[in-house]
>>> print(open('target_13.csv').read())   # CSV, C-alpha atoms and all ligand atoms
chain,number,residue,atom,x,y,z
W,1131,MET,CA,102.3,20.7,-59.9
W,1132,LYS,CA,104.2,18.1,-61.8
W,1133,ARG,CA,104.8,18.7,-65.5
W,1134,TYR,CA,105.6,15.8,-67.7
W,1135,ALA,CA,106.2,15.6,-71.5
W,1136,ILE,CA,105.7,12.4,-73.4
W,1137,MET,CA,108.1,12.8,-76.2
W,1138,THR,CA,110.3,11.1,-78.8
W,1139,MET,CA,111.3,12.0,-82.3
W,1140,LYS,CA,110.2,8.7,-83.6
W,1141,GLY,CA,106.6,8.3,-84.8
W,1142,GLY,CA,104.1,5.7,-83.6
W,1143,THR,CA,105.8,4.5,-80.4
W,1144,GLY,CA,102.8,4.9,-78.1
W,1145,LYS,CA,103.2,8.6,-77.0
W,1146,THR,CA,99.5,9.5,-77.3
W,1147,THR,CA,98.3,6.1,-75.9
W,1148,THR,CA,100.6,6.7,-72.9
W,1149,ALA,CA,99.5,10.4,-72.5
W,1150,VAL,CA,95.8,9.6,-72.6
W,1151,ASN,CA,95.9,6.5,-70.3
W,1152,VAL,CA,98.4,8.0,-67.8
W,1153,ALA,CA,96.3,11.2,-67.7
W,1154,HIS,CA,93.1,9.2,-67.1
W,1155,GLY,CA,94.8,6.8,-64.8
W,1156,LEU,CA,96.1,9.6,-62.6
W,1157,SER,CA,92.7,11.3,-62.5
W,1158,LEU,CA,91.1,7.9,-61.5
W,1159,SER,CA,93.5,7.9,-58.6
W,1160,GLY,CA,92.1,11.2,-57.4
W,1161,GLN,CA,94.7,13.5,-59.0
W,1162,LYS,CA,93.6,16.6,-60.9
W,1163,VAL,CA,95.2,16.3,-64.4
W,1164,LEU,CA,95.5,18.6,-67.4
W,1165,LEU,CA,96.4,16.9,-70.7
W,1166,ILE,CA,97.7,19.2,-73.3
W,1167,ASP,CA,97.5,18.0,-76.9
W,1168,CYS,CA,100.7,19.5,-78.5
W,1169,ASP,CA,100.3,17.6,-81.8
W,1170,PRO,CA,98.6,19.2,-84.9
W,1171,GLN,CA,97.3,15.6,-85.6
W,1172,ARG,CA,95.1,16.1,-82.5
W,1173,ASN,CA,95.1,12.4,-81.6
W,1174,ALA,CA,94.7,13.0,-77.8
W,1175,ALA,CA,91.7,15.3,-78.4
W,1176,VAL,CA,90.2,12.9,-80.9
W,1177,THR,CA,90.5,10.0,-78.4
W,1178,PHE,CA,88.3,11.9,-76.0
W,1179,GLY,CA,86.0,13.0,-78.9
W,1180,VAL,CA,86.4,16.8,-78.2
W,1181,GLU,CA,87.4,19.8,-80.3
W,1182,SER,CA,87.9,23.4,-79.5
W,1183,GLU,CA,88.8,26.5,-81.6
W,1184,LYS,CA,90.7,27.8,-78.6
W,1185,GLY,CA,93.4,25.3,-78.2
W,1186,LEU,CA,97.1,25.4,-77.6
W,1187,ALA,CA,97.6,27.5,-80.8
W,1188,ALA,CA,95.3,30.2,-79.4
W,1189,LEU,CA,96.9,29.9,-76.0
W,1190,LEU,CA,100.3,30.6,-77.4
W,1191,MET,CA,99.1,33.5,-79.6
W,1192,THR,CA,96.5,35.3,-77.5
W,1193,GLY,CA,96.6,33.7,-74.1
W,1194,ASP,CA,93.0,32.7,-74.6
W,1195,VAL,CA,92.1,29.0,-74.2
W,1196,ASP,CA,89.3,26.5,-73.6
W,1197,ILE,CA,90.1,24.0,-70.9
W,1198,LEU,CA,87.7,21.1,-71.6
W,1199,GLN,CA,86.6,18.7,-69.0
W,1200,VAL,CA,86.9,15.2,-70.5
W,1201,ARG,CA,86.5,13.0,-67.4
W,1202,ASP,CA,86.1,13.5,-63.6
W,1203,ASN,CA,89.3,15.4,-62.6
W,1204,CYS,CA,90.7,15.2,-66.1
W,1205,PHE,CA,90.9,18.2,-68.4
W,1206,LEU,CA,92.2,18.7,-71.9
W,1207,ILE,CA,93.6,21.5,-74.1
W,1208,ASP,CA,93.1,20.8,-77.7
W,1209,SER,CA,96.1,21.4,-80.0
W,1210,GLY,CA,94.4,23.7,-82.5
W,1211,GLY,CA,95.3,21.4,-85.4
W,1212,ARG,CA,96.8,23.1,-88.4
W,1213,ASN,CA,96.7,26.5,-86.6
W,1214,LEU,CA,99.5,25.1,-84.4
W,1215,LEU,CA,101.7,24.8,-87.5
W,1216,GLU,CA,101.1,28.5,-88.3
W,1217,VAL,CA,101.9,29.5,-84.7
W,1218,GLU,CA,105.2,27.7,-85.1
W,1219,LEU,CA,106.1,30.0,-88.0
W,1220,ILE,CA,104.9,33.2,-86.3
W,1221,LEU,CA,106.7,32.3,-83.0
W,1222,GLY,CA,109.8,31.6,-84.9
W,1223,ARG,CA,110.3,35.3,-85.5
W,1224,GLN,CA,109.7,36.4,-81.9
W,1225,GLU,CA,112.0,36.8,-78.9
W,1226,LYS,CA,111.9,34.4,-76.0
W,1227,ARG,CA,110.0,32.1,-78.3
W,1228,GLU,CA,110.9,29.0,-76.4
W,1229,TYR,CA,109.3,30.2,-73.2
W,1230,ARG,CA,105.8,31.0,-74.5
W,1231,LEU,CA,104.1,28.0,-73.0
W,1232,GLN,CA,105.8,28.5,-69.6
W,1233,LYS,CA,104.6,32.1,-69.6
W,1234,ALA,CA,101.1,31.3,-70.8
W,1235,LEU,CA,100.6,28.7,-68.0
W,1236,MET,CA,102.3,30.7,-65.3
W,1237,HIS,CA,99.1,31.3,-63.4
W,1238,LEU,CA,97.7,27.8,-63.8
W,1239,LYS,CA,96.6,26.6,-60.4
W,1240,GLY,CA,94.8,23.8,-58.7
W,1241,CYS,CA,96.2,21.1,-61.0
W,1242,ASP,CA,98.4,18.2,-59.7
W,1243,TYR,CA,99.7,17.0,-63.1
W,1244,VAL,CA,100.2,18.5,-66.5
W,1245,ILE,CA,100.8,15.9,-69.2
W,1246,CYS,CA,101.9,17.1,-72.7
W,1247,ASP,CA,101.4,14.7,-75.6
W,1248,CYS,CA,104.0,15.7,-78.2
W,1249,PRO,CA,104.4,15.3,-81.9
W,1250,PRO,CA,107.2,13.2,-83.2
W,1251,SER,CA,109.4,16.0,-84.3
W,1252,MET,CA,111.8,18.5,-82.9
W,1253,ASN,CA,109.9,21.7,-83.5
W,1254,LEU,CA,109.4,24.9,-81.6
W,1255,ILE,CA,106.3,23.6,-79.9
W,1256,ASN,CA,108.3,20.7,-78.5
W,1257,VAL,CA,111.1,23.1,-77.4
W,1258,ASN,CA,108.4,25.1,-75.5
W,1259,VAL,CA,107.2,21.9,-73.9
W,1260,LEU,CA,110.7,21.0,-72.8
W,1261,ALA,CA,111.3,24.4,-71.3
W,1262,PHE,CA,108.0,24.0,-69.4
W,1263,CYS,CA,108.2,20.4,-68.2
W,1264,ASP,CA,110.4,18.9,-65.5
W,1265,LYS,CA,110.4,15.3,-66.7
W,1266,ILE,CA,110.3,13.6,-70.1
W,1267,PHE,CA,108.9,10.2,-70.6
W,1268,ILE,CA,110.3,8.6,-73.8
W,1269,PRO,CA,108.3,5.6,-75.1
W,1270,ILE,CA,110.4,3.2,-77.1
W,1271,ALA,CA,108.8,0.5,-79.1
W,1272,MET,CA,110.3,-2.9,-78.5
W,1273,ASP,CA,109.3,-4.4,-81.8
W,1274,TYR,CA,111.5,-2.7,-84.3
W,1275,LEU,CA,114.0,-1.0,-82.2
W,1276,SER,CA,117.6,-2.3,-82.3
W,1277,GLN,CA,120.9,-1.0,-81.1
W,1278,VAL,CA,120.6,1.8,-83.6
W,1279,GLY,CA,117.4,2.9,-82.0
W,1280,ALA,CA,119.0,3.1,-78.5
W,1281,GLU,CA,121.8,5.2,-80.0
W,1282,GLN,CA,119.2,7.5,-81.6
W,1283,THR,CA,117.5,8.0,-78.3
W,1284,MET,CA,120.8,9.0,-76.7
W,1285,LYS,CA,121.3,11.6,-79.4
W,1286,VAL,CA,117.8,12.9,-78.9
W,1287,ILE,CA,118.4,13.4,-75.2
W,1288,ASP,CA,121.6,15.3,-76.0
W,1289,GLU,CA,119.8,17.4,-78.4
W,1290,ILE,CA,117.1,18.1,-75.8
W,1291,LYS,CA,119.7,19.2,-73.3
W,1292,TRP,CA,121.3,21.5,-75.8
W,1293,LEU,CA,117.9,23.0,-76.9
W,1294,THR,CA,116.7,23.7,-73.5
W,1295,GLN,CA,120.1,24.7,-72.1
W,1296,LYS,CA,119.4,22.5,-69.2
W,1297,ASP,CA,122.4,20.5,-68.1
W,1298,SER,CA,120.4,17.8,-66.6
W,1299,ILE,CA,117.0,16.9,-67.8
W,1300,ASP,CA,115.1,14.1,-66.0
W,1301,PHE,CA,114.1,11.5,-68.5
W,1302,HIS,CA,112.6,8.1,-68.2
W,1303,ILE,CA,112.3,5.5,-70.8
W,1304,LEU,CA,109.1,3.5,-71.2
W,1305,PRO,CA,109.3,0.2,-73.1
W,1306,THR,CA,106.2,-0.1,-75.3
W,1307,PHE,CA,104.9,-2.6,-77.9
W,1308,TYR,CA,106.6,-5.4,-75.9
W,1309,ASP,CA,105.9,-8.9,-77.3
W,1310,SER,CA,107.5,-11.6,-75.1
W,1311,ARG,CA,107.1,-14.2,-77.9
W,1312,THR,CA,109.6,-12.4,-80.1
W,1313,ARG,CA,113.3,-12.6,-79.5
W,1314,ILE,CA,113.8,-9.1,-80.7
W,1315,SER,CA,111.5,-7.7,-78.0
W,1316,ARG,CA,113.3,-9.6,-75.3
W,1317,GLU,CA,116.8,-8.7,-76.5
W,1318,VAL,CA,116.0,-5.0,-77.0
W,1319,LEU,CA,114.5,-4.8,-73.5
W,1320,VAL,CA,117.6,-6.3,-71.9
W,1321,GLN,CA,119.8,-3.9,-73.9
W,1322,ILE,CA,117.7,-0.8,-73.0
W,1323,ARG,CA,118.0,-1.7,-69.4
W,1324,GLU,CA,121.7,-2.2,-69.7
W,1325,TRP,CA,122.2,1.1,-71.4
W,1326,PHE,CA,119.8,3.3,-69.4
W,1327,GLY,CA,119.7,1.4,-66.0
W,1328,ASP,CA,117.2,2.9,-63.5
W,1329,LYS,CA,116.1,5.5,-66.1
W,1330,VAL,CA,113.9,2.7,-67.5
W,1331,PHE,CA,110.4,2.3,-66.0
W,1332,LYS,CA,109.9,-1.1,-64.3
W,1333,THR,CA,106.6,-1.2,-66.1
W,1334,VAL,CA,106.6,-2.5,-69.6
W,1335,ILE,CA,103.7,-1.8,-71.9
W,1336,ARG,CA,102.9,-5.0,-73.8
W,1337,ILE,CA,101.3,-5.2,-77.3
W,1338,ASN,CA,97.6,-5.4,-76.8
W,1339,THR,CA,94.8,-5.1,-79.3
W,1340,ALA,CA,92.4,-3.4,-76.9
W,1341,LEU,CA,94.8,-0.5,-76.7
W,1342,ARG,CA,94.5,-0.1,-80.4
W,1343,GLU,CA,90.7,-0.3,-80.4
W,1344,ALA,CA,90.0,2.0,-77.5
W,1345,PRO,CA,90.5,5.4,-79.2
W,1346,GLY,CA,88.0,4.4,-82.0
W,1347,ASP,CA,85.5,4.1,-79.3
W,1348,ASN,CA,86.4,7.5,-77.8
W,1349,LYS,CA,87.4,5.6,-74.6
W,1350,THR,CA,90.5,5.2,-72.5
W,1351,ILE,CA,91.7,1.6,-71.9
W,1352,TYR,CA,90.1,1.5,-68.4
W,1353,GLU,CA,86.7,2.2,-70.0
W,1354,HIS,CA,87.1,0.1,-73.2
W,1355,ALA,CA,88.6,-3.0,-71.6
W,1356,PRO,CA,89.3,-2.6,-67.9
W,1357,LEU,CA,90.5,-6.2,-67.5
W,1358,SER,CA,92.8,-6.2,-70.5
W,1359,ARG,CA,96.6,-6.5,-70.4
W,1360,GLY,CA,96.7,-2.9,-71.7
W,1361,ALA,CA,94.6,-1.7,-68.7
W,1362,PHE,CA,96.8,-3.7,-66.3
W,1363,ASP,CA,100.0,-2.2,-67.8
W,1364,TYR,CA,98.8,1.3,-67.7
W,1365,TYR,CA,97.4,0.9,-64.1
W,1366,LYS,CA,100.8,-0.3,-63.1
W,1367,LEU,CA,102.6,2.6,-64.9
W,1368,THR,CA,100.2,5.1,-63.2
W,1369,GLU,CA,101.2,3.6,-59.8
W,1370,GLU,CA,104.9,3.8,-60.7
W,1371,ILE,CA,104.5,7.5,-61.7
W,1372,LEU,CA,102.6,8.2,-58.5
W,1373,SER,CA,105.2,6.6,-56.3
W,1374,MET,CA,107.9,8.4,-58.3
W,1375,SER,CA,106.2,11.8,-57.6
W,1376,GLU,CA,106.0,11.0,-53.9
W,1377,LYS,CA,109.8,10.6,-53.7
W,1378,VAL,CA,110.5,14.1,-55.1
W,1401,LIG,N1,100.8,-1.4,-76.6
W,1401,LIG,C1,100.1,-1.3,-77.7
W,1401,LIG,N2,99.6,-2.4,-78.3
W,1401,LIG,C2,98.9,-2.3,-79.5
W,1401,LIG,N3,98.7,-1.2,-80.2
W,1401,LIG,C3,99.1,0.0,-79.6
W,1401,LIG,C4,99.9,0.0,-78.4
W,1401,LIG,N4,100.2,1.3,-78.1
W,1401,LIG,C5,99.7,2.0,-79.1
W,1401,LIG,N5,99.1,1.3,-80.0
W,1401,LIG,C6,98.5,1.7,-81.3
W,1401,LIG,O1,99.5,2.0,-82.1
W,1401,LIG,C7,99.3,3.2,-82.9
W,1401,LIG,C8,100.3,4.3,-82.5
W,1401,LIG,O2,100.2,4.6,-81.2
W,1401,LIG,P1,100.2,6.1,-80.7
W,1401,LIG,O3,99.2,6.9,-81.5
W,1401,LIG,O4,100.0,6.1,-79.2
W,1401,LIG,O5,101.7,6.5,-81.0
W,1401,LIG,P2,102.3,8.0,-81.1
W,1401,LIG,O6,103.7,7.8,-80.7
W,1401,LIG,O7,101.5,8.9,-80.4
W,1401,LIG,O8,102.3,8.3,-82.7
W,1401,LIG,P3,102.6,9.7,-83.4
W,1401,LIG,O9,104.1,9.7,-83.4
W,1401,LIG,O10,102.0,9.5,-84.7
W,1401,LIG,O11,102.0,10.7,-82.5
W,1401,LIG,C9,97.9,3.6,-82.5
W,1401,LIG,O12,97.0,3.0,-83.4
W,1401,LIG,C10,97.6,3.0,-81.1
W,1401,LIG,O13,96.3,2.7,-80.9
W,1402,MG,MG,100.7,10.8,-81.0
>>> encode(input="target_13.csv", output="C-alpha cells", more="lines below")
Ligand SMILES: Nc1ncnc2c1ncn2[C@@H]1O[C@H](COP(=O)(O)OP(=O)(O)OP(=O)(O)O)[C@@H](O)[C@H]1O
Ligand SMILES: [Mg+2]
Amino acid sequence: MKRYAIMTMKGGTGKTTTAVNVAHGLSLSGQKVLLIDCDPQRNAAVTFGVESEKGLAALLMTGDVDILQVRDNCFLIDSGGRNLLEVELILGRQEKREYRLQKALMHLKGCDYVICDCPPSMNLINVNVLAFCDKIFIPIAMDYLSQVGAEQTMKVIDEIKWLTQKDSIDFHILPTFYDSRTRISREVLVQIREWFGDKVFKTVIRINTALREAPGDNKTIYEHAPLSRGAFDYYKLTEEILSMSEKV
C-alpha cells in the first residue's frame, strides 16, 4: 500500500485538485484508492458530493469511520469538517498524538493507494498525515511563486523533517498553474528545476478553466472535460506516479 500526502503550507496551489484527480486517475487505471479528506474545509468530499458524520475526526477519536465509495475502485473518508478542529485540540493533550492516524489505519487492507488531501497549515492533523505517509507531493503554483516561494518550500521541508523526526522524507514537487504565455511561469519553472532537480515531476499542470469548473459539477476532470488540457495533464501525472511506484 502506497501512502501519499498532498501538502504544502501555502493555500490555493492545487492540492485538492491534485488529490481528487490523481485518486480518480489511479482508480481508472485499475488501482484501488482511498482518498482521505484531511481538511476541515472538506473540498475533496464536496467535489464528490458526499458527506458523512463518521469522517476522519470520528476515526481519530473513536476508531469508527464511514468509507464512502465515490467511484469504481475509488473510496473516500470525509474530514468531519469543524469536528476535525476540535479533535486537534483534544489530541493536543494526549500522548503519541502524532501517530493516531497510523494506528487508526493499521489494519487497513486491500487498498493500493492512500491519498491524503491536506489543509494549508502545519497542524497536528498534518503531522499525523506525515507520520503515516511515505511520500509528500508538494504542488507549487507557477503564477505567483518567485525565488522567495522556493525558499519557503525548502523551509517547509526542513520543518516536516523535524516534525516527523524522519531524517529523509521523500518529497516531490508538482508545478501547477503553469501558464506558458507568462515570463514568470517559465522563469519559475526553470528555477524550481534548478533547485530541486529530479525531485520535480516531469509533468507540469497547466492553467485550465475546466479544472476550475469540474468540482462545481461534482465531477473529476476526466468526467467533466476528458479531452481538456487539465485531463491530459492529470492523466500524465497519474502515469508518472504509477511508473514511480513500480520502481520502488
Ligand atoms: N491548473 C488549474 N487551472 C485552473 N484552475 C485551477 C487549477 N488547479 C486548481 N484550480 C482551481 O483553483 C482553486 C484552488 O485549487 P485547489 O482547491 O485545488 O487548491 P488547494 O491547494 O487545495 O487550496 P486550499 O489551500 O484552500 O486547500 C480551485 O478553485 C480550483 O478549482
Ligand atoms: Mg484544498
>>> atom_distance(input="target_13.csv", atom1="atom C9 of ligand LIG 1401 (chain W)", atom2="CA of Val1150 in chain W")
11.8 Å
>>> residues_near_ligand(input="target_13.csv", ligand="ligand LIG 1401 (chain W)", cutoff="7 Å", atoms="all atoms listed in the file", output="short mmCIF file (atom, residue, chain, number, x, y, z; two decimals) with C-alpha atoms, in the frame of the given file")
data_model
loop_
_atom_site.label_atom_id
_atom_site.label_comp_id
_atom_site.auth_asym_id
_atom_site.auth_seq_id
_atom_site.Cartn_x
_atom_site.Cartn_y
_atom_site.Cartn_z
CA LYS W 1140 110.20 8.70 -83.60
CA GLY W 1141 106.60 8.30 -84.80
CA GLY W 1142 104.10 5.70 -83.60
CA THR W 1143 105.80 4.50 -80.40
CA GLY W 1144 102.80 4.90 -78.10
CA LYS W 1145 103.20 8.60 -77.00
CA THR W 1146 99.50 9.50 -77.30
CA THR W 1147 98.30 6.10 -75.90
CA THR W 1148 100.60 6.70 -72.90
CA ASN W 1173 95.10 12.40 -81.60
CA CYS W 1248 104.00 15.70 -78.20
CA PRO W 1249 104.40 15.30 -81.90
CA PRO W 1250 107.20 13.20 -83.20
CA THR W 1306 106.20 -0.10 -75.30
CA PHE W 1307 104.90 -2.60 -77.90
CA ILE W 1335 103.70 -1.80 -71.90
CA ARG W 1336 102.90 -5.00 -73.80
CA ILE W 1337 101.30 -5.20 -77.30
CA ASN W 1338 97.60 -5.40 -76.80
CA THR W 1339 94.80 -5.10 -79.30
CA LEU W 1341 94.80 -0.50 -76.70
CA ARG W 1342 94.50 -0.10 -80.40
CA GLU W 1343 90.70 -0.30 -80.40
CA PRO W 1345 90.50 5.40 -79.20
CA GLY W 1360 96.70 -2.90 -71.70
#
>>> closest_residue(input="target_13.csv", among="W:Met1284, W:Thr1192, W:Cys1168, W:Glu1324", to="Met1137 in chain W", atoms="only C-alpha atoms")
W:Cys1168
>>> atom_distance(input="target_13.csv", atom1="CA of Arg1133 in chain W", atom2="CA of Leu1357 in chain W")
28.8 Å
>>> closest_residue(input="target_13.csv", among="W:Gln1199, W:Gln1321, W:Gln1171, W:Ser1375", to="ligand MG 1402 (chain W)", atoms="all atoms listed in the file")
W:Gln1171
>>> closest_residue(input="target_13.csv", among="W:Met1131, W:Leu1215, W:Ala1149, W:Ala1355", to="ligand MG 1402 (chain W)", atoms="all atoms listed in the file")
W:Ala1149
>>> atom_distance(input="target_13.csv", atom1="CA of Ala1340 in chain W", atom2="CA of Asp1273 in chain W")
17.6 Å
>>> closest_residue(input="target_13.csv", among="W:Cys1246, W:Val1320, W:Leu1158, W:Val1195", to="ligand MG 1402 (chain W)", atoms="all atoms listed in the file")
W:Cys1246
>>> residues_near_point(input="target_13.csv", point="(93.9, 22.5, -72.9)", cutoff="10 Å", atoms="all atoms listed in the file", output="JSON, numbers by chain")
{"W": [1164, 1165, 1166, 1167, 1168, 1175, 1182, 1184, 1185, 1186, 1189, 1195, 1196, 1197, 1198, 1199, 1205, 1206, 1207, 1208, 1209, 1210, 1244, 1246]}
>>> closest_residue(input="target_13.csv", among="W:Lys1162, W:Ala1135, W:Val1217, W:Thr1283", to="Phe1262 in chain W", atoms="all atoms listed in the file")
W:Ala1135
>>> residues_around(input="target_13.csv", residues="Leu1231 in chain W", least_positions_apart="2", cutoff="9 Å", atoms="all atoms listed in the file", output="compact mmCIF listing (two decimals) with C-alpha atoms, in the coordinates of the input")
# COMPACT_ATOMS: atom_id res chain seq x y z
CA LEU W 1186 97.10 25.40 -77.60
CA LEU W 1189 96.90 29.90 -76.00
CA LEU W 1190 100.30 30.60 -77.40
CA ARG W 1227 110.00 32.10 -78.30
CA GLU W 1228 110.90 29.00 -76.40
CA TYR W 1229 109.30 30.20 -73.20
CA LYS W 1233 104.60 32.10 -69.60
CA ALA W 1234 101.10 31.30 -70.80
CA LEU W 1235 100.60 28.70 -68.00
CA MET W 1236 102.30 30.70 -65.30
CA ILE W 1255 106.30 23.60 -79.90
CA ASN W 1258 108.40 25.10 -75.50
CA VAL W 1259 107.20 21.90 -73.90
CA ALA W 1261 111.30 24.40 -71.30
CA PHE W 1262 108.00 24.00 -69.40
>>> closest_residue(input="target_13.csv", among="W:Thr1294, W:Ser1157, W:Thr1350, W:Thr1333", to="Ala1174 in chain W", atoms="only C-alpha atoms")
W:Thr1350
>>> decode(input="target_13.csv", residues="range 1188-1212 of chain W", atoms="N, CA and C atoms", output="tab-separated table (two decimals), in the first residue's frame")
chain	number	residue	atom	x	y	z
W	1188	ALA	N	-13.99	11.44	13.46
W	1188	ALA	CA	-14.50	10.29	14.22
W	1188	ALA	C	-13.46	9.17	14.26
W	1189	LEU	N	-12.80	8.96	13.13
W	1189	LEU	CA	-11.79	7.90	13.07
W	1189	LEU	C	-10.70	8.13	14.11
W	1190	LEU	N	-10.25	9.36	14.22
W	1190	LEU	CA	-9.17	9.66	15.16
W	1190	LEU	C	-9.63	9.60	16.61
W	1191	MET	N	-10.89	9.91	16.85
W	1191	MET	CA	-11.39	9.93	18.22
W	1191	MET	C	-11.89	8.57	18.69
W	1192	THR	N	-12.63	7.87	17.81
W	1192	THR	CA	-13.31	6.65	18.27
W	1192	THR	C	-12.88	5.41	17.47
W	1193	GLY	N	-12.21	5.61	16.37
W	1193	GLY	CA	-11.82	4.47	15.52
W	1193	GLY	C	-12.95	4.06	14.58
W	1194	ASP	N	-14.08	4.76	14.67
W	1194	ASP	CA	-15.23	4.42	13.84
W	1194	ASP	C	-15.26	5.34	12.61
W	1195	VAL	N	-15.46	4.76	11.44
W	1195	VAL	CA	-15.42	5.60	10.23
W	1195	VAL	C	-16.29	5.02	9.12
W	1196	ASP	N	-16.83	5.91	8.30
W	1196	ASP	CA	-17.53	5.50	7.08
W	1196	ASP	C	-16.56	5.61	5.92
W	1197	ILE	N	-16.39	4.51	5.19
W	1197	ILE	CA	-15.59	4.61	3.96
W	1197	ILE	C	-16.57	4.64	2.81
W	1198	LEU	N	-16.65	5.80	2.16
W	1198	LEU	CA	-17.67	6.01	1.14
W	1198	LEU	C	-17.13	5.65	-0.24
W	1199	GLN	N	-17.91	4.90	-0.98
W	1199	GLN	CA	-17.47	4.61	-2.35
W	1199	GLN	C	-17.91	5.77	-3.24
W	1200	VAL	N	-16.95	6.42	-3.89
W	1200	VAL	CA	-17.30	7.57	-4.72
W	1200	VAL	C	-17.24	7.27	-6.23
W	1201	ARG	N	-16.43	6.30	-6.59
W	1201	ARG	CA	-16.34	5.85	-7.99
W	1201	ARG	C	-15.93	4.37	-7.94
W	1202	ASP	N	-15.92	3.70	-9.11
W	1202	ASP	CA	-15.40	2.33	-9.14
W	1202	ASP	C	-13.98	2.35	-8.60
W	1203	ASN	N	-13.69	1.49	-7.64
W	1203	ASN	CA	-12.32	1.39	-7.10
W	1203	ASN	C	-11.84	2.63	-6.36
W	1204	CYS	N	-12.70	3.59	-6.14
W	1204	CYS	CA	-12.27	4.85	-5.51
W	1204	CYS	C	-13.14	5.14	-4.28
W	1205	PHE	N	-12.50	5.26	-3.13
W	1205	PHE	CA	-13.21	5.42	-1.86
W	1205	PHE	C	-12.74	6.69	-1.17
W	1206	LEU	N	-13.60	7.21	-0.29
W	1206	LEU	CA	-13.26	8.48	0.36
W	1206	LEU	C	-13.65	8.47	1.84
W	1207	ILE	N	-12.78	9.07	2.65
W	1207	ILE	CA	-13.14	9.35	4.05
W	1207	ILE	C	-13.31	10.86	4.15
W	1208	ASP	N	-14.50	11.29	4.55
W	1208	ASP	CA	-14.79	12.72	4.72
W	1208	ASP	C	-13.94	13.24	5.89
W	1209	SER	N	-13.75	14.55	5.93
W	1209	SER	CA	-12.87	15.07	7.00
W	1209	SER	C	-13.57	15.17	8.34
W	1210	GLY	N	-14.89	15.42	8.30
W	1210	GLY	CA	-15.59	15.68	9.56
W	1210	GLY	C	-15.75	17.18	9.79
W	1211	GLY	N	-15.29	17.98	8.84
W	1211	GLY	CA	-15.48	19.43	8.90
W	1211	GLY	C	-14.94	20.04	10.18
W	1212	ARG	N	-15.79	20.84	10.82
W	1212	ARG	CA	-15.35	21.56	12.03
W	1212	ARG	C	-14.93	20.62	13.15
